[in-house]
>>> print(open('start_10.txt').read())   # compact mmCIF, C-alpha atoms and all ligand atoms
# COMPACT_ATOMS: atom_id res chain seq x y z
CA MET A 229 -20.90 -7.70 8.20
CA ARG A 230 -19.27 -6.37 11.34
CA ILE A 231 -15.78 -4.81 11.20
CA ASP A 232 -13.70 -3.81 14.24
CA VAL A 233 -10.48 -1.83 13.85
CA VAL A 234 -8.00 -1.48 16.72
CA SER A 235 -5.42 1.32 16.42
CA ILE A 236 -3.50 3.86 18.50
CA PHE A 237 -4.65 6.46 15.92
CA PRO A 238 -8.43 5.97 15.69
CA GLU A 239 -8.72 9.38 13.96
CA TYR A 240 -6.77 7.89 11.04
CA LEU A 241 -9.87 5.84 10.21
CA ALA A 242 -12.19 8.89 9.96
CA PRO A 243 -12.45 8.64 6.12
CA LEU A 244 -14.49 5.46 6.61
CA GLU A 245 -17.38 7.79 7.54
CA LEU A 246 -17.37 9.20 3.98
CA SER A 247 -18.64 8.20 0.56
CA LEU A 248 -19.73 4.65 -0.27
CA ILE A 249 -18.53 3.05 2.97
CA GLY A 250 -19.97 5.84 5.14
CA LYS A 251 -23.30 5.42 3.34
CA ALA A 252 -23.20 1.63 3.81
CA ARG A 253 -22.72 2.18 7.56
CA GLN A 254 -25.64 4.63 7.69
CA ASP A 255 -27.80 2.17 5.76
CA GLY A 256 -26.96 -0.62 8.21
CA LEU A 257 -25.24 -2.76 5.55
CA LEU A 258 -21.98 -2.59 7.50
CA GLU A 259 -21.33 -2.18 11.23
CA LEU A 260 -17.89 -0.63 11.71
CA ASN A 261 -16.33 0.14 15.10
CA VAL A 262 -12.95 1.78 15.66
CA HIS A 263 -11.24 1.14 19.01
CA ASP A 264 -8.37 3.01 20.64
CA LEU A 265 -5.72 0.49 21.77
CA ARG A 266 -4.72 2.82 24.63
CA ALA A 267 -8.17 2.35 26.18
CA PHE A 268 -6.98 -1.20 26.99
CA THR A 269 -3.83 -0.16 28.90
CA THR A 270 -3.78 -0.02 32.72
CA ASP A 271 -0.76 2.17 33.52
CA ARG A 272 -0.84 5.92 34.05
CA HIS A 273 1.05 6.62 30.84
CA ARG A 274 -1.12 4.30 28.75
CA THR A 275 2.00 2.56 27.43
CA VAL A 276 1.61 0.43 24.29
CA ASP A 277 5.26 -0.19 23.35
CA ASP A 278 8.63 -1.26 24.76
CA THR A 279 12.17 -2.05 23.61
CA PRO A 280 12.79 -5.24 21.58
CA TYR A 281 14.31 -8.34 23.19
CA GLY A 282 17.56 -9.14 21.37
CA GLY A 283 18.19 -5.47 20.70
CA GLY A 284 17.87 -3.47 17.51
CA ALA A 285 16.19 -0.30 16.32
CA GLY A 286 12.72 0.90 17.23
CA MET A 287 10.03 -0.30 19.59
CA VAL A 288 7.68 -3.29 19.74
CA MET A 289 4.00 -3.22 20.74
CA LYS A 290 3.39 -4.85 24.13
CA PRO A 291 1.19 -7.97 24.15
CA GLU A 292 -1.26 -7.34 27.02
CA PRO A 293 -3.10 -4.26 25.67
CA TRP A 294 -3.59 -6.18 22.39
CA ALA A 295 -4.99 -9.24 24.17
CA GLN A 296 -7.40 -7.06 26.16
CA ALA A 297 -8.53 -5.19 23.03
CA LEU A 298 -8.94 -8.33 20.92
CA GLU A 299 -10.83 -10.18 23.69
CA SER A 300 -13.22 -7.26 23.97
CA VAL A 301 -14.05 -7.26 20.22
CA ALA A 302 -14.06 -11.05 19.67
CA GLY A 303 -17.74 -10.97 20.55
CA GLY A 304 -18.20 -14.46 21.95
CA ARG A 305 -20.31 -15.40 18.92
CA GLU A 306 -21.31 -19.06 18.52
CA GLY A 307 -19.74 -21.13 15.77
CA SER A 308 -17.28 -19.51 13.36
CA LYS A 309 -14.32 -17.51 14.65
CA PRO A 310 -13.90 -13.92 13.45
CA VAL A 311 -11.05 -13.32 11.02
CA LEU A 312 -8.20 -11.27 12.49
CA ILE A 313 -6.37 -9.38 9.77
CA VAL A 314 -2.96 -8.10 10.77
CA PRO A 315 -1.73 -5.54 8.19
CA SER A 316 1.99 -6.09 7.69
CA PRO A 317 4.51 -5.87 4.85
CA ALA A 318 5.39 -9.44 5.96
CA GLY A 319 1.88 -10.79 5.22
CA GLU A 320 0.30 -12.59 2.27
CA ARG A 321 -0.59 -10.26 -0.58
CA PHE A 322 -4.01 -8.63 -0.59
CA ASN A 323 -5.81 -8.89 -3.93
CA GLN A 324 -9.31 -8.93 -5.40
CA ALA A 325 -9.72 -12.67 -4.78
CA LEU A 326 -8.93 -12.17 -1.07
CA ALA A 327 -11.33 -9.20 -0.96
CA TYR A 328 -14.12 -11.45 -2.30
CA GLU A 329 -13.21 -14.18 0.21
CA LEU A 330 -13.22 -11.79 3.18
CA ALA A 331 -16.49 -10.19 2.04
CA GLU A 332 -18.17 -13.51 2.91
CA GLU A 333 -17.19 -13.33 6.61
CA GLU A 334 -19.52 -12.34 9.45
CA GLN A 335 -16.87 -10.41 11.38
CA LEU A 336 -13.46 -8.99 10.48
CA VAL A 337 -11.08 -7.53 13.06
CA PHE A 338 -8.12 -5.39 11.91
CA ALA A 339 -5.16 -5.02 14.28
CA CYS A 340 -3.14 -1.96 13.24
CA GLY A 341 0.47 -2.31 14.35
CA ARG A 342 2.84 0.64 14.57
CA TYR A 343 6.57 0.90 15.29
CA GLU A 344 8.45 -2.32 14.44
CA GLY A 345 5.32 -4.42 14.93
CA ILE A 346 3.34 -6.35 17.54
CA ASP A 347 4.91 -8.88 19.94
CA GLU A 348 4.66 -12.16 17.97
CA ARG A 349 3.07 -13.96 20.93
CA VAL A 350 -0.14 -11.99 20.29
CA ILE A 351 -0.35 -13.66 16.86
CA ASP A 352 0.18 -17.10 18.46
CA TRP A 353 -2.32 -16.46 21.29
CA ALA A 354 -4.92 -15.09 18.90
CA GLN A 355 -5.14 -18.39 16.94
CA ASP A 356 -7.41 -19.75 19.71
CA HIS A 357 -9.93 -16.94 19.22
CA PHE A 358 -9.59 -15.93 15.55
CA THR A 359 -8.61 -17.12 12.11
CA VAL A 360 -5.43 -15.04 11.90
CA ARG A 361 -4.24 -13.64 8.56
CA PRO A 362 -1.24 -11.31 8.26
CA VAL A 363 -1.93 -9.37 5.04
CA SER A 364 0.24 -7.00 2.95
CA LEU A 365 -0.88 -4.48 0.33
CA GLY A 366 2.35 -4.77 -1.64
CA ASP A 367 6.10 -4.68 -1.51
CA TYR A 368 6.67 -1.37 0.23
CA VAL A 369 6.61 -0.21 3.84
CA LEU A 370 3.95 1.96 5.50
CA ASN A 371 4.37 3.47 8.96
CA GLY A 372 1.46 1.48 10.31
CA GLY A 373 -1.56 -0.60 9.37
CA GLU A 374 -4.12 2.24 9.31
CA VAL A 375 -3.74 3.30 5.66
CA ALA A 376 -3.76 -0.36 4.62
CA VAL A 377 -7.02 -0.85 6.56
CA LEU A 378 -8.60 2.08 4.70
CA ALA A 379 -7.74 0.35 1.42
CA MET A 380 -8.84 -3.13 2.49
CA VAL A 381 -12.13 -2.02 4.10
CA GLU A 382 -13.00 -0.09 0.94
CA ALA A 383 -12.14 -3.04 -1.32
CA ILE A 384 -14.11 -5.50 0.84
CA GLY A 385 -17.00 -3.18 1.78
CA ARG A 386 -17.91 -2.37 -1.81
CA LEU A 387 -18.43 -6.10 -2.47
CA LEU A 388 -21.11 -6.41 0.23
CA PRO A 389 -24.66 -6.80 -1.11
CA GLY A 390 -26.32 -3.41 -1.69
CA VAL A 391 -23.20 -1.24 -1.18
CA VAL A 392 -22.48 -0.57 -4.87
CA GLY A 393 -25.71 0.69 -6.46
CA ASN A 394 -25.25 -1.10 -9.78
CA PRO A 395 -23.65 -4.54 -9.19
CA GLU A 396 -22.96 -4.73 -12.96
CA SER A 397 -20.10 -2.29 -12.38
CA LEU A 398 -18.33 -4.97 -10.29
CA VAL A 399 -18.32 -7.37 -13.25
CA GLU A 400 -16.30 -5.37 -15.77
CA GLU A 401 -13.76 -3.68 -13.52
CA SER A 402 -10.02 -4.40 -13.32
CA HIS A 403 -9.08 -7.81 -11.84
CA SER A 404 -12.65 -9.17 -11.99
CA ASN A 405 -11.62 -11.48 -14.85
CA GLY A 406 -7.89 -11.53 -14.09
CA LEU A 407 -7.08 -8.71 -16.52
CA LEU A 408 -6.86 -4.92 -16.24
CA GLU A 409 -9.90 -2.90 -17.25
CA TYR A 410 -10.28 -1.55 -20.81
CA PRO A 411 -10.05 2.26 -21.31
CA VAL A 412 -13.25 4.30 -21.05
CA TYR A 413 -14.38 7.54 -22.75
CA THR A 414 -17.25 10.02 -22.55
CA LYS A 415 -18.47 13.07 -24.50
CA PRO A 416 -17.26 15.02 -26.39
CA SER A 417 -16.13 12.51 -29.05
CA ALA A 418 -13.48 14.97 -30.31
CA TRP A 419 -11.46 16.76 -27.62
CA ARG A 420 -8.19 18.77 -27.97
CA ASP A 421 -6.95 16.75 -30.96
CA HIS A 422 -7.80 13.45 -29.23
CA ASP A 423 -10.70 11.42 -30.65
CA VAL A 424 -12.64 8.63 -29.01
CA PRO A 425 -11.78 5.32 -30.79
CA ALA A 426 -14.20 5.08 -33.75
CA VAL A 427 -15.36 1.55 -32.89
CA LEU A 428 -17.06 2.87 -29.71
CA LEU A 429 -19.23 5.18 -31.85
CA SER A 430 -20.11 2.40 -34.34
CA GLY A 431 -23.06 0.91 -32.47
CA ASN A 432 -21.69 -2.57 -33.30
CA HIS A 433 -21.81 -4.30 -29.90
CA GLY A 434 -19.94 -7.40 -31.05
CA LYS A 435 -17.11 -5.27 -32.41
CA ILE A 436 -17.05 -3.15 -29.26
CA ALA A 437 -16.82 -6.20 -26.98
CA GLN A 438 -13.98 -7.58 -29.13
CA TRP A 439 -12.11 -4.26 -29.05
CA ARG A 440 -12.47 -4.00 -25.27
CA ARG A 441 -11.16 -7.56 -24.81
CA HIS A 442 -8.20 -6.77 -27.03
CA GLU A 443 -7.46 -3.60 -25.05
CA GLN A 444 -7.59 -5.58 -21.78
CA PHE A 445 -4.94 -7.96 -23.11
CA ARG A 446 -2.79 -5.16 -24.53
CA ARG A 447 -2.85 -3.18 -21.29
CA THR A 448 -2.26 -6.17 -19.06
CA ALA A 449 0.66 -7.42 -21.15
CA GLU A 450 2.23 -3.95 -21.12
CA ARG A 451 1.62 -2.89 -17.51
CA ARG A 452 1.31 -6.17 -15.63
CA PRO A 453 3.09 -8.99 -17.46
CA ASP A 454 3.01 -10.94 -14.16
CA LEU A 455 -0.79 -11.21 -14.49
CA MET A 456 -0.49 -12.73 -17.96
CA GLU A 457 1.32 -15.75 -16.51
CA THR A 458 -1.49 -16.68 -14.11
CA PHE A 459 -4.32 -15.51 -16.36
CA ASP A 460 -7.19 -17.99 -16.64
CA ALA A 461 -8.59 -17.88 -20.19
CA GLY A 462 -11.72 -19.67 -18.95
CA ALA A 463 -12.53 -16.79 -16.61
CA LEU A 464 -12.43 -14.38 -19.54
CA SER A 465 -14.87 -16.35 -21.67
CA ARG A 466 -17.18 -16.75 -18.64
CA ALA A 467 -17.09 -12.97 -18.13
CA ASP A 468 -17.76 -12.61 -21.87
CA ARG A 469 -20.84 -14.80 -21.69
CA ASN A 470 -22.15 -12.70 -18.80
CA ALA A 471 -21.53 -9.44 -20.65
CL1 LIG B 1 -0.74 -4.10 5.14
N1 LIG B 1 1.01 -2.69 6.53
C1 LIG B 1 2.13 -1.98 6.65
N2 LIG B 1 2.45 -1.47 7.84
N3 LIG B 1 2.95 -1.74 5.65
C2 LIG B 1 2.60 -2.25 4.47
C3 LIG B 1 1.44 -3.01 4.28
C4 LIG B 1 0.66 -3.20 5.34
N4 LIG B 1 1.38 -3.37 3.00
C5 LIG B 1 2.44 -2.87 2.43
N5 LIG B 1 3.19 -2.20 3.31
>>> encode(input="start_10.txt", output="structure tokens")
Amino acid sequence: MRIDVVSIFPEYLAPLELSLIGKARQDGLLELNVHDLRAFTTDRHRTVDDTPYGGGAGMVMKPEPWAQALESVAGGREGSKPVLIVPSPAGERFNQALAYELAEEEQLVFACGRYEGIDERVIDWAQDHFTVRPVSLGDYVLNGGEVAVLAMVEAIGRLLPGVVGNPESLVEESHSNGLLEYPVYTKPSAWRDHDVPAVLLSGNHGKIAQWRRHEQFRRTAERRPDLMETFDAGALSRADRNA
């Protein structure tokens, strides 16, 4: 997969050189390029923003630097258009299902807006060159798309073949079957008046699987009742059969 990120703060994306994603880049499993939007301006002050038509607070990102930047990363590849992800609190919600979907793409481009956002005509224009998807991490406001890109690239990148050493660990984690993950424990079995649940020491794998399933339901009902409403019981039994 190839990922291009356009931002006025390219240094914000430096953590993508670390850990699992950094290793995936070194191993050639992921090509990731960060581009400075200001490199695509033509004026002496490298201006990327201006005041909003209609008035109001803040500034809006000018369209032409964005068009120049996006044209330069669009690649001119035959066939399928790259996906342009526009991080925004006004986008569709990012979740594990969308991470899996985006992990199938050949090229993702992330356009990090700042200030009050990007001139909407960029989004309209970009439809001819990209599959455009405004995406939100959740119902809160960040100062710009960069932190959201860190989260999304990590969530997507770890799903690429070979990035996570043991692919089994993707099967049991939170959201993989629509429920939150069960609690986990390691040695010592007795620690500061807190014991590991006895069933996990029993060696009875049927009982352990049943306990873990029960804990997934209990946790999800308590912490994320919204997930219980859309929960697909079929997905759980499929995950069970694969366990
Ligand atoms: Cl994806 N971007 C911004 N700027 N703010 C957000 C967000 C994204 N998701 C939640 N808040």
>>> atom_distance(input="start_10.txt", atom1="CA of Lys251 (chain A)", atom2="atom N2 of ligand LIG 1 (chain B)")
27.0 Å
>>> atom_distance(input="start_10.txt", atom1="CA of Glu329 (chain A)", atom2="atom N5 of ligand LIG 1 (chain B)")
20.5 Å
>>> residues_around(input="start_10.txt", residues="region 281-289 of chain A", least_positions_apart="3", cutoff="7 Å", atoms="all atoms listed in the file", output="mmCIF file with C-alpha atoms, in the frame of the given file")
data_model
loop_
_atom_site.group_PDB
_atom_site.id
_atom_site.type_symbol
_atom_site.label_atom_id
_atom_site.label_comp_id
_atom_site.auth_asym_id
_atom_site.auth_seq_id
_atom_site.Cartn_x
_atom_site.Cartn_y
_atom_site.Cartn_z
ATOM 1 C CA VAL A 276 1.610 0.430 24.290
ATOM 2 C CA ASP A 277 5.260 -0.190 23.350
ATOM 3 C CA ASP A 278 8.630 -1.260 24.760
ATOM 4 C CA TYR A 343 6.570 0.900 15.290
ATOM 5 C CA GLU A 344 8.450 -2.320 14.440
ATOM 6 C CA GLY A 345 5.320 -4.420 14.930
ATOM 7 C CA ILE A 346 3.340 -6.350 17.540
ATOM 8 C CA ASP A 347 4.910 -8.880 19.940
#
>>> residues_near_ligand(input="start_10.txt", ligand="ligand LIG 1 (chain B)", cutoff="12 Å", atoms="all atoms listed in the file", output="ChimeraX atom specification")
/A:235,313-323,338-346,361-381
>>> write_last_selection(input="start_10.txt", atoms="C-alpha atoms", output="short mmCIF file (atom, residue, chain, number, x, y, z; two decimals), keeping the file's coordinate frame")
data_model
loop_
_atom_site.label_atom_id
_atom_site.label_comp_id
_atom_site.auth_asym_id
_atom_site.auth_seq_id
_atom_site.Cartn_x
_atom_site.Cartn_y
_atom_site.Cartn_z
CA SER A 235 -5.42 1.32 16.42
CA ILE A 313 -6.37 -9.38 9.77
CA VAL A 314 -2.96 -8.10 10.77
CA PRO A 315 -1.73 -5.54 8.19
CA SER A 316 1.99 -6.09 7.69
CA PRO A 317 4.51 -5.87 4.85
CA ALA A 318 5.39 -9.44 5.96
CA GLY A 319 1.88 -10.79 5.22
CA GLU A 320 0.30 -12.59 2.27
CA ARG A 321 -0.59 -10.26 -0.58
CA PHE A 322 -4.01 -8.63 -0.59
CA ASN A 323 -5.81 -8.89 -3.93
CA PHE A 338 -8.12 -5.39 11.91
CA ALA A 339 -5.16 -5.02 14.28
CA CYS A 340 -3.14 -1.96 13.24
CA GLY A 341 0.47 -2.31 14.35
CA ARG A 342 2.84 0.64 14.57
CA TYR A 343 6.57 0.90 15.29
CA GLU A 344 8.45 -2.32 14.44
CA GLY A 345 5.32 -4.42 14.93
CA ILE A 346 3.34 -6.35 17.54
CA ARG A 361 -4.24 -13.64 8.56
CA PRO A 362 -1.24 -11.31 8.26
CA VAL A 363 -1.93 -9.37 5.04
CA SER A 364 0.24 -7.00 2.95
CA LEU A 365 -0.88 -4.48 0.33
CA GLY A 366 2.35 -4.77 -1.64
CA ASP A 367 6.10 -4.68 -1.51
CA TYR A 368 6.67 -1.37 0.23
CA VAL A 369 6.61 -0.21 3.84
CA LEU A 370 3.95 1.96 5.50
CA ASN A 371 4.37 3.47 8.96
CA GLY A 372 1.46 1.48 10.31
CA GLY A 373 -1.56 -0.60 9.37
CA GLU A 374 -4.12 2.24 9.31
CA VAL A 375 -3.74 3.30 5.66
CA ALA A 376 -3.76 -0.36 4.62
CA VAL A 377 -7.02 -0.85 6.56
CA LEU A 378 -8.60 2.08 4.70
CA ALA A 379 -7.74 0.35 1.42
CA MET A 380 -8.84 -3.13 2.49
CA VAL A 381 -12.13 -2.02 4.10
#
>>> closest_residue(input="start_10.txt", among="A:Glu443, A:Glu292, A:Asp232, A:Glu245", to="His263 (chain A)", atoms="only C-alpha atoms")
A:Asp232
>>> atom_distance(input="start_10.txt", atom1="CA of Arg441 (chain A)", atom2="CA of Asp423 (chain A)")
19.9 Å
>>> closest_residue(input="start_10.txt", among="A:Leu326, A:Ala297, A:Val337, A:Leu428", to="Lys309 (chain A)", atoms="all atoms listed in the file")
A:Val337
>>> residues_around(input="start_10.txt", residues="Glu409 (chain A)", least_positions_apart="6", cutoff="12 Å", atoms="all atoms listed in the file", output="ChimeraX atom specification")
/A:397-403,440-448,451-452,464
>>> closest_residue(input="start_10.txt", among="A:Arg349, A:Leu408, A:Ala302, A:Thr269", to="Ala449 (chain A)", atoms="only C-alpha atoms")
A:Leu408
>>> residues_around(input="start_10.txt", residues="region 355-358 of chain A", least_positions_apart="2", cutoff="7 Å", atoms="all atoms listed in the file", output="PDB file with C-alpha atoms, in the coordinates of the input")
ATOM      1  CA  LYS A 309     -14.320 -17.510  14.650  1.00  0.00           C
ATOM      2  CA  PRO A 310     -13.900 -13.920  13.450  1.00  0.00           C
ATOM      3  CA  VAL A 311     -11.050 -13.320  11.020  1.00  0.00           C
ATOM      4  CA  LEU A 312      -8.200 -11.270  12.490  1.00  0.00           C
ATOM      5  CA  ILE A 351      -0.350 -13.660  16.860  1.00  0.00           C
ATOM      6  CA  ASP A 352       0.180 -17.100  18.460  1.00  0.00           C
ATOM      7  CA  TRP A 353      -2.320 -16.460  21.290  1.00  0.00           C
ATOM      8  CA  VAL A 360      -5.430 -15.040  11.900  1.00  0.00           C
TER       9      VAL A 360
END
>>> closest_residue(input="start_10.txt", among="A:Ala242, A:Ile436, A:Leu258, A:Leu265", to="Leu336 (chain A)", atoms="all atoms listed in the file")
A:Leu258
>>> closest_residue(input="start_10.txt", among="A:Gly393, A:Gly250, A:Gly406, A:Pro243", to="Ala325 (chain A)", atoms="all atoms listed in the file")
A:Gly406
>>> build_atoms(input="start_10.txt", residues="region 271-302 of chain A", atoms="N, CA and C atoms", output="tab-separated table (two decimals), in the frame of the given file")
chain	number	residue	atom	x	y	z
A	271	ASP	N	-1.72	1.30	32.82
A	271	ASP	CA	-0.76	2.17	33.52
A	271	ASP	C	-1.09	3.64	33.27
A	272	ARG	N	-0.54	4.49	34.10
A	272	ARG	CA	-0.84	5.92	34.05
A	272	ARG	C	-0.47	6.55	32.71
A	273	HIS	N	0.59	6.03	32.10
A	273	HIS	CA	1.05	6.62	30.84
A	273	HIS	C	0.44	5.97	29.61
A	274	ARG	N	-0.44	5.00	29.85
A	274	ARG	CA	-1.12	4.30	28.75
A	274	ARG	C	-0.10	3.76	27.72
A	275	THR	N	0.87	3.04	28.24
A	275	THR	CA	2.00	2.56	27.43
A	275	THR	C	1.58	1.41	26.51
A	276	VAL	N	1.92	1.51	25.24
A	276	VAL	CA	1.61	0.43	24.29
A	276	VAL	C	2.87	-0.21	23.69
A	277	ASP	N	4.07	0.34	23.99
A	277	ASP	CA	5.26	-0.19	23.35
A	277	ASP	C	6.42	-0.31	24.33
A	278	ASP	N	7.44	-1.07	23.93
A	278	ASP	CA	8.63	-1.26	24.76
A	278	ASP	C	9.78	-1.67	23.84
A	279	THR	N	10.99	-1.75	24.43
A	279	THR	CA	12.17	-2.05	23.61
A	279	THR	C	12.20	-3.53	23.21
A	280	PRO	N	12.79	-3.85	22.06
A	280	PRO	CA	12.79	-5.24	21.58
A	280	PRO	C	13.80	-6.12	22.31
A	281	TYR	N	13.36	-7.33	22.73
A	281	TYR	CA	14.31	-8.34	23.19
A	281	TYR	C	15.27	-8.66	22.05
A	282	GLY	N	16.55	-8.85	22.39
A	282	GLY	CA	17.56	-9.14	21.37
A	282	GLY	C	18.18	-7.89	20.79
A	283	GLY	N	17.63	-6.73	21.16
A	283	GLY	CA	18.19	-5.47	20.70
A	283	GLY	C	17.70	-5.08	19.32
A	284	GLY	N	18.25	-3.95	18.83
A	284	GLY	CA	17.87	-3.47	17.51
A	284	GLY	C	17.08	-2.18	17.60
A	285	ALA	N	16.81	-1.63	16.42
A	285	ALA	CA	16.19	-0.30	16.32
A	285	ALA	C	14.70	-0.38	16.63
A	286	GLY	N	14.17	0.75	17.11
A	286	GLY	CA	12.72	0.90	17.23
A	286	GLY	C	12.12	0.22	18.43
A	287	MET	N	10.79	0.22	18.46
A	287	MET	CA	10.03	-0.30	19.59
A	287	MET	C	9.06	-1.37	19.09
A	288	VAL	N	8.61	-2.20	20.05
A	288	VAL	CA	7.68	-3.29	19.74
A	288	VAL	C	6.42	-3.08	20.56
A	289	MET	N	5.27	-3.39	19.99
A	289	MET	CA	4.00	-3.22	20.74
A	289	MET	C	3.84	-4.33	21.76
A	290	LYS	N	3.53	-3.93	23.01
A	290	LYS	CA	3.39	-4.85	24.13
A	290	LYS	C	2.19	-5.78	23.94
A	291	PRO	N	2.28	-7.03	24.42
A	291	PRO	CA	1.19	-7.97	24.15
A	291	PRO	C	-0.11	-7.73	24.93
A	292	GLU	N	-0.03	-7.31	26.21
A	292	GLU	CA	-1.26	-7.34	27.02
A	292	GLU	C	-2.36	-6.38	26.55
A	293	PRO	N	-2.02	-5.11	26.18
A	293	PRO	CA	-3.10	-4.26	25.67
A	293	PRO	C	-3.80	-4.88	24.44
A	294	TRP	N	-3.01	-5.54	23.58
A	294	TRP	CA	-3.59	-6.18	22.39
A	294	TRP	C	-4.53	-7.32	22.77
A	295	ALA	N	-4.12	-8.14	23.76
A	295	ALA	CA	-4.99	-9.24	24.17
A	295	ALA	C	-6.29	-8.71	24.75
A	296	GLN	N	-6.19	-7.66	25.57
A	296	GLN	CA	-7.40	-7.06	26.16
A	296	GLN	C	-8.32	-6.52	25.07
A	297	ALA	N	-7.73	-5.80	24.12
A	297	ALA	CA	-8.53	-5.19	23.03
A	297	ALA	C	-9.18	-6.29	22.19
A	298	LEU	N	-8.41	-7.29	21.82
A	298	LEU	CA	-8.94	-8.33	20.92
A	298	LEU	C	-9.99	-9.18	21.63
A	299	GLU	N	-9.80	-9.45	22.93
A	299	GLU	CA	-10.83	-10.18	23.69
A	299	GLU	C	-12.13	-9.39	23.73
A	300	SER	N	-12.00	-8.07	23.84
A	300	SER	CA	-13.22	-7.26	23.97
A	300	SER	C	-14.00	-7.19	22.66
A	301	VAL	N	-13.32	-7.34	21.51
A	301	VAL	CA	-14.05	-7.26	20.22
A	301	VAL	C	-14.42	-8.63	19.67
A	302	ALA	N	-13.84	-9.71	20.24
A	302	ALA	CA	-14.06	-11.05	19.67
A	302	ALA	C	-15.52	-11.47	19.76
